[in-house]
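First comes the structure, then the notes that go with it.
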Amino acid sequence: APNVILRVDEIQRQFSGNETDSSGSTGKQLGEFLTWVEDNKVICTLLVGVPGSSKSWSSICIAGHYHKPLVKYDLSAMEDKLVGEGGKILRENERVIESISDNKIWLIATANKLDGMPAELLSRFQVGGIFFFDVPDDAEKIGIMKLKIAAYKLNTLQPLPDMTGWTGRDINNCACKAQFLNCSLVEAAKFVLPLMKSHHEDMDRLRQSAHERFL
């Protein structure tokens, strides 16, 4: 069983456009990262889905469920911290991870889309699996809203707004606005622009690419 959960958010941004390209510093960093994953037999799982569908939250829940430490692994920050030193910083971080995990690691990455993700990176998720996260269903939306009502200390007896097409992020935005504006959830919903409407083309393309390909 893994001793440490590594969380890598929006991995498609961190390595986008580096397929078979090792000429730049980021391309070299990708090669070093893939070599480290292979040498240490890191289990890699990819959570793909619409923004606000609780992909990142899932890694937190998994770590909590198995009582394992969760480490946020920001590869782009390692590259940006000091130009030309990205590879060195990456290797130093890898050694720290190895020491606290005894080389037993589960890497859980998230992605809002797969466009531009290098094929050699995507292939590393075949063992741990690639899972698609869509918008929550009606029962899940109600459950999320109840949690947000409690978190923002809102009136628990008030009616719920129409949440058609909403993601978890949209639900949170509604509850946040209700608290900030001191209004009802129904009123606050008028100021929420669902991500599924503002990015519907991206979402449709992601659904099509995920159909019969991911779990």
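Every chain in the structure tokens has a letter given in the order shown (A, B, ...), and although residue numbers restart at 1 in each chain, ligands are simply numbered from 1 in the order shown.
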
Segment 39-101 of chain A near segment 3-8 of chain A within 6 Å: what's each residue's closest atom pair and its distance in Å to one decimal, counting only C-alpha atoms, ordered by chain then ascending residue number, as a Markdown table?
| residue | atom | partner | partner_atom | distance |
| --- | --- | --- | --- | --- |
| A:Lys68 | CA | A:Val4 | CA | 5.7 |
| A:Pro69 | CA | A:Val4 | CA | 5.4 |
| A:Leu70 | CA | A:Ile5 | CA | 4.9 |
| A:Val71 | CA | A:Leu6 | CA | 4.9 |
| A:Lys72 | CA | A:Arg7 | CA | 4.7 |
| A:Tyr73 | CA | A:Val8 | CA | 5.2 |
| A:Ser101 | CA | A:Asn3 | CA | 5.2 |

When DSSP works through the backbone of this structure, what residues of segment 2-209 of chain A end up as alpha helix (DSSP H), shown as an NGL selection string?
:A and (11-15 or 25-39 or 55-65 or 75-81 or 86-101 or 119-122 or 138-151 or 168-181 or 185-188 or 195-198 or 200-209)

Per residue of segment 167-190 of chain A within 12 Å of segment 43-64 of chain A, record the nearest atom pair and its distance in Å to one decimal, counting only C-alpha atoms, with rows in chain order and ascending residue number, as JSON lines.
{"residue": "A:Thr167", "atom": "CA", "partner": "A:Gly52", "partner_atom": "CA", "distance": 5.5}
{"residue": "A:Gly168", "atom": "CA", "partner": "A:Gly52", "partner_atom": "CA", "distance": 5.3}
{"residue": "A:Arg169", "atom": "CA", "partner": "A:Gly52", "partner_atom": "CA", "distance": 4.4}
{"residue": "A:Asp170", "atom": "CA", "partner": "A:Gly52", "partner_atom": "CA", "distance": 7.3}
{"residue": "A:Ile171", "atom": "CA", "partner": "A:Gly52", "partner_atom": "CA", "distance": 9.2}
{"residue": "A:Asn172", "atom": "CA", "partner": "A:Gly52", "partner_atom": "CA", "distance": 9.3}
{"residue": "A:Asn173", "atom": "CA", "partner": "A:Gly52", "partner_atom": "CA", "distance": 10.4}

If we count only C-alpha atoms, what is near Ile11 of chain A at a cut-off of 8 Å, once residues fewer than 3 positions away on the same chain are taken out, given as number ranges by chain?
A: 8, 14-15, 109-111

Taking only residues of segment 102-136 of chain A that have an atom at most 10 Å from an atom of segment 194-210 of chain A, what is each one's shortest atom pair and its distance in Å to one decimal, using only C-alpha atoms, in chain and number order, as a tab-separated table?
residue	atom	partner	partner_atom	distance
A:Asn112	CA	A:Leu206	CA	8.3
A:Lys113	CA	A:Leu206	CA	6.4
A:Leu114	CA	A:Leu206	CA	7.9
A:Asp115	CA	A:Leu206	CA	9.3
A:Ile130	CA	A:Ala210	CA	9.4
A:Phe131	CA	A:Ala210	CA	8.8
A:Phe132	CA	A:Ala210	CA	6.7
A:Phe133	CA	A:Arg207	CA	9.4
A:Asp134	CA	A:Arg207	CA	8.0
A:Val135	CA	A:Met196	CA	8.6

12 Å contact set for Ala150 of chain A, only C-alpha atoms, chain neighbours under 5 positions out, as a ChimeraX atom specification:
/A:143-145,155-157,172,175-176,179

Output N, CA, C and O atoms of each residue in that selection to a file, as a PDB file, in the first residue's frame.
ATOM      1  N   GLY A 143     -26.859  17.311  -1.860  1.00  0.00           N
ATOM      2  CA  GLY A 143     -25.926  17.000  -0.783  1.00  0.00           C
ATOM      3  C   GLY A 143     -24.827  18.037  -0.662  1.00  0.00           C
ATOM      4  O   GLY A 143     -24.470  18.469   0.446  1.00  0.00           O
ATOM      5  N   ILE A 144     -24.273  18.470  -1.811  1.00  0.00           N
ATOM      6  CA  ILE A 144     -23.221  19.494  -1.806  1.00  0.00           C
ATOM      7  C   ILE A 144     -23.766  20.810  -1.275  1.00  0.00           C
ATOM      8  O   ILE A 144     -23.121  21.483  -0.463  1.00  0.00           O
ATOM      9  N   MET A 145     -24.984  21.167  -1.711  1.00  0.00           N
ATOM     10  CA  MET A 145     -25.569  22.424  -1.261  1.00  0.00           C
ATOM     11  C   MET A 145     -25.812  22.423   0.244  1.00  0.00           C
ATOM     12  O   MET A 145     -25.598  23.433   0.929  1.00  0.00           O
ATOM     13  N   ASN A 155     -29.487  29.943   6.155  1.00  0.00           N
ATOM     14  CA  ASN A 155     -30.772  29.426   6.622  1.00  0.00           C
ATOM     15  C   ASN A 155     -31.015  28.041   6.021  1.00  0.00           C
ATOM     16  O   ASN A 155     -31.101  27.886   4.802  1.00  0.00           O
ATOM     17  N   THR A 156     -31.149  27.035   6.876  1.00  0.00           N
ATOM     18  CA  THR A 156     -31.311  25.654   6.401  1.00  0.00           C
ATOM     19  C   THR A 156     -32.719  25.353   5.898  1.00  0.00           C
ATOM     20  O   THR A 156     -32.941  24.312   5.273  1.00  0.00           O
ATOM     21  N   LEU A 157     -33.670  26.241   6.186  1.00  0.00           N
ATOM     22  CA  LEU A 157     -35.069  25.991   5.814  1.00  0.00           C
ATOM     23  C   LEU A 157     -35.456  26.652   4.498  1.00  0.00           C
ATOM     24  O   LEU A 157     -36.579  26.460   4.023  1.00  0.00           O
ATOM     25  N   ASN A 172     -20.946  26.196  -4.744  1.00  0.00           N
ATOM     26  CA  ASN A 172     -20.189  26.954  -3.745  1.00  0.00           C
ATOM     27  C   ASN A 172     -20.292  28.454  -4.002  1.00  0.00           C
ATOM     28  O   ASN A 172     -20.449  29.249  -3.067  1.00  0.00           O
ATOM     29  N   ALA A 175     -23.686  29.763  -2.735  1.00  0.00           N
ATOM     30  CA  ALA A 175     -23.744  29.879  -1.279  1.00  0.00           C
ATOM     31  C   ALA A 175     -22.886  31.040  -0.786  1.00  0.00           C
ATOM     32  O   ALA A 175     -23.273  31.775   0.129  1.00  0.00           O
ATOM     33  N   CYS A 176     -21.719  31.212  -1.403  1.00  0.00           N
ATOM     34  CA  CYS A 176     -20.830  32.309  -1.034  1.00  0.00           C
ATOM     35  C   CYS A 176     -21.485  33.658  -1.305  1.00  0.00           C
ATOM     36  O   CYS A 176     -21.426  34.576  -0.483  1.00  0.00           O
ATOM     37  N   GLN A 179     -24.237  34.502   1.217  1.00  0.00           N
ATOM     38  CA  GLN A 179     -23.701  35.030   2.477  1.00  0.00           C
ATOM     39  C   GLN A 179     -23.208  36.467   2.296  1.00  0.00           C
ATOM     40  O   GLN A 179     -23.499  37.350   3.114  1.00  0.00           O
TER      41      GLN A 179
END

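Distance-wise, atom CA of Gly165 of chain A and atom CA of Gly116 of chain A end up 26.6 Å apart.
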
For each of A:Leu75, A:Leu90, A:Val42, A:Met163, take the minimum atom-to-atom distance to Asp137 of chain A, counting only C-alpha atoms, then give the residue where this is smallest.
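Nearest to Asp137 of chain A: A:Met163.
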
Would you list, as a ChimeraX atom specification, the residues of chain A that end up in strand (DSSP E) under DSSP run on this structure's backbone?
/A:4-8,43-49,70-72,105-111,130-133

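Interatomic distance, atom CA of Asn40 of chain A against atom CA of Asn103 of chain A: 6.3 Å.
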
What is the atom CA of Cys174 of chain A-atom CA of Val192 of chain A distance in Å, reported with one decimal?
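Result for atom CA of Cys174 of chain A versus atom CA of Val192 of chain A: 6.3 Å, one decimal.
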
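Across A:Leu107, A:Ile89, A:Leu121, A:Ala188, the tightest approach to Thr35 of chain A is made by A:Leu121 when counting only C-alpha atoms.
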